[in-house]
Amino acid sequence: MTDPIHPDPPPVPEPAPPHPTDQDIYPLSIFPDNLNLSLFLDDRFCPWSLSHPPDDFSLEQWTDPVPTPPPEPTLTEIITSLHALHTTLGTDPSYNGTFSLPLARRVFTPANRALFVGRYFRSTHREFPLTHRPSFDLATISPGLLLAFFLCGSVHAAAGSRAAVPSTRAFLRVAEEYVFRKLAELMVPGEEAEGSEVYEALQAALLVHCTQFALQGVETRERNRTVRLPALVAAVRRLGLLGVRHGEEGAEGWRGFVGREMRLRIGAWTLLADWQQCGMFRVPPLMAISELTGDFPCVPSLWEAESEEEFNATVAAKGPSVRKRSCSIRQAMEALMADATWPSIEQFPLRNPTVHDLHFLIYAIHSVVGSAGLMGLLPVSGGALLRATTRWEQLWRQVTSVLAASGEDVRYMAGTMSHYLSPEMCWLARKLIKGGMDGRFEALEYYQGVHYSLDPLHALIKKLKDP
């Protein structure tokens, strides 16, 4: 790859793994019989799923003794900052990070930067499109955000280039400390917090949090849930990112639109991280649906427009209303759970929903299911929640049918995790609701308390599949 920011067209996708078709999944009466349970039981259940290095893992085995050219200034700053922080934290008993200066000089190189940033935009960006790729500039990116791209992109490095991946993972713990300390420095109480530096720090912290959350370590997940995620949520609330809305048609130019959309997306994907962990570990969500008064993220064709001219052409082709989504997540959830008879899909308040929109909504439903279950309210609220899943399923069928008819690679356009996991999450929500209404699974480990392992959830899913 010669240009990590504008990568070559994606390769021809490999055949999709076995997965139920729309015809197999629907109607809901046959949904459970066709559940692809493997999606819940392998690494794809957690994006970027990694395990801890083995006990005999040695930093030295990844250190190439051959001298290397000195890295560029931003990479040098990353190496220097991580080294200094690791040294400072050496006396902290809660810190268990590792650091090797020779290894850092081998990992944080211009060549690996091109590889990992390119992989970030090809892979992670499809699931978490936080960064505005067309205006992204390696010359101006902050060290923290570049570090986050290194870590995320290394997970998706090509099979033939994976030699650097284990060594990159060795810096996850100190990198986590670095990006969250940088965020804390910029969010000092009583001082104004605004500007690109703040939002890049927030993006970096969110990306590193999501990468660490996928690790199979109980200690890491507990720290991320009890320390890191609250810091992210506090920053999102302080900056008002849950209520960001685009202006009236034509009221903001391309750059204004991009800046507002970027803030909106940081808030949206922070709440998604919260809701994902809520169900996985049986913990109450930190963010409430009533807070979500901002717009849904914009349609991909606007966010990925390469220039102002392409942006304007997209608006002209789709109509001015495409610039502003028609409702908030809060309003969409109210419609899904409303007592009133479902008039028709066409009257759903969110016009032209996307797969990503429905991915947000199924996790929003799960956050309500989890909260109601923890409070013992599923017996009285279960009917409304089941109604919401049925309506969601109708929307999913419509959206995926339109995508399939367009001739596009649905997985590439929508994001693999969103496309594969959303229907299974709907199935799981219905099972959890029904089980909570009649109490049949209360004796299982999953319901006995908070967890920071996926084992109780895996055991529950197996029981739900074959009760």
# chains A, B, ... in the order shown; residues from 1 in each chain; ligands from 1
>>> select_by_dssp(residues="stretch 342-453 of chain A", states="helix (DSSP H, G or I)", output="MDAnalysis selection string")
chainID A and resid 345:347 355:374 378:405 410:414 416:438 445:448
>>> closest_atom_pairs(of="stretch 260-309 of chain A", to="stretch 351-366 of chain A", cutoff="7 Å", atoms="only C-alpha atoms", output="tab-separated table")
residue	atom	partner	partner_atom	distance
A:Leu272	CA	A:Phe360	CA	6.6
A:Trp275	CA	A:Tyr363	CA	6.0
A:Gln276	CA	A:Tyr363	CA	6.6
A:Gly279	CA	A:His366	CA	6.5
>>> residues_around(residues="A:Leu232", least_positions_apart="6", cutoff="12 Å", atoms="only C-alpha atoms", output="number ranges by chain")
A: 179-181, 183-184, 187, 198-199, 201-210, 224-226, 238-239, 241, 266-274, 286-287
>>> write_last_selection(atoms="C-alpha atoms", output="compact mmCIF listing (two decimals), in the first residue's frame")
# COMPACT_ATOMS: atom_id res chain seq x y z
CA VAL A 179 -4.30 8.31 26.29
CA PHE A 180 -6.51 8.52 29.37
CA ARG A 181 -4.05 10.75 31.21
CA LEU A 183 -7.75 13.16 28.16
CA ALA A 184 -7.78 14.02 31.88
CA MET A 187 -10.78 17.94 30.84
CA VAL A 198 -9.85 17.57 22.95
CA TYR A 199 -11.80 15.57 20.38
CA ALA A 201 -7.88 12.81 22.74
CA LEU A 202 -11.44 11.56 23.25
CA GLN A 203 -11.33 9.50 20.05
CA ALA A 204 -8.00 7.99 21.09
CA ALA A 205 -9.27 7.06 24.54
CA LEU A 206 -12.44 5.52 23.12
CA LEU A 207 -10.55 3.43 20.56
CA VAL A 208 -8.03 2.17 23.10
CA HIS A 209 -10.87 1.44 25.54
CA CYS A 210 -12.67 -0.67 22.94
CA ASN A 224 -12.12 -0.44 31.81
CA ARG A 225 -15.69 -0.72 33.09
CA THR A 226 -15.18 0.93 36.49
CA ARG A 238 -19.48 17.66 29.72
CA LEU A 239 -19.02 18.40 26.03
CA LEU A 241 -22.11 15.30 22.68
CA ILE A 266 -17.95 10.28 19.46
CA GLY A 267 -21.02 10.48 21.69
CA ALA A 268 -22.86 7.79 19.75
CA TRP A 269 -20.06 5.22 19.82
CA THR A 270 -19.34 5.90 23.50
CA LEU A 271 -22.91 5.01 24.38
CA LEU A 272 -22.68 1.94 22.13
CA ALA A 273 -19.61 0.78 24.08
CA ASP A 274 -21.57 1.31 27.30
CA LEU A 286 -24.04 4.47 32.57
CA MET A 287 -25.94 6.40 29.88
>>> residues_around(residues="A:Gly240", least_positions_apart="6", cutoff="10 Å", atoms="only C-alpha atoms", output="PDB file with C-alpha atoms, in the first residue's frame")
ATOM      1  CA  ALA A 234     -18.135  12.156  31.885  1.00  0.00           C
ATOM      2  CA  ARG A 263     -18.696  15.276  17.813  1.00  0.00           C
ATOM      3  CA  LEU A 264     -21.998  13.507  17.352  1.00  0.00           C
ATOM      4  CA  GLY A 267     -21.016  10.482  21.691  1.00  0.00           C
ATOM      5  CA  GLU A 291     -30.235  11.722  27.358  1.00  0.00           C
ATOM      6  CA  GLY A 294     -29.027  14.413  19.343  1.00  0.00           C
TER       7      GLY A 294
END
>>> closest_residue(among="A:Leu432, A:Met262, A:Ile345, A:Val233", to="A:Glu393", atoms="only C-alpha atoms")
A:Ile345
>>> closest_residue(among="A:Ser307, A:Thr87, A:Gln277, A:Ser328", to="A:Arg133", atoms="only C-alpha atoms")
A:Ser307
>>> atom_distance(atom1="atom CA of A:Pro349", atom2="atom CA of A:Arg330")
10.7 Å
>>> residues_around(residues="A:Thr168", least_positions_apart="5", cutoff="8 Å", atoms="only C-alpha atoms", output="ChimeraX atom specification")
/A:107,150-151,154
>>> write_last_selection(atoms="C-alpha atoms", output="mmCIF file, in the first residue's frame")
data_model
loop_
_atom_site.group_PDB
_atom_site.id
_atom_site.type_symbol
_atom_site.label_atom_id
_atom_site.label_comp_id
_atom_site.auth_asym_id
_atom_site.auth_seq_id
_atom_site.Cartn_x
_atom_site.Cartn_y
_atom_site.Cartn_z
ATOM 1 C CA VAL A 107 7.447 -1.073 16.237
ATOM 2 C CA PHE A 150 -1.412 1.737 15.653
ATOM 3 C CA LEU A 151 -3.064 -0.502 18.232
ATOM 4 C CA SER A 154 -2.228 -3.901 14.204
#
>>> closest_residue(among="A:Arg221, A:Arg430, A:Arg391, A:His132", to="A:Leu302", atoms="only C-alpha atoms")
A:His132
>>> atom_distance(atom1="atom CA of A:Leu457", atom2="atom CA of A:Leu336")
25.9 Å
>>> atom_distance(atom1="atom CA of A:Arg105", atom2="atom CA of A:Ile79")
7.2 Å
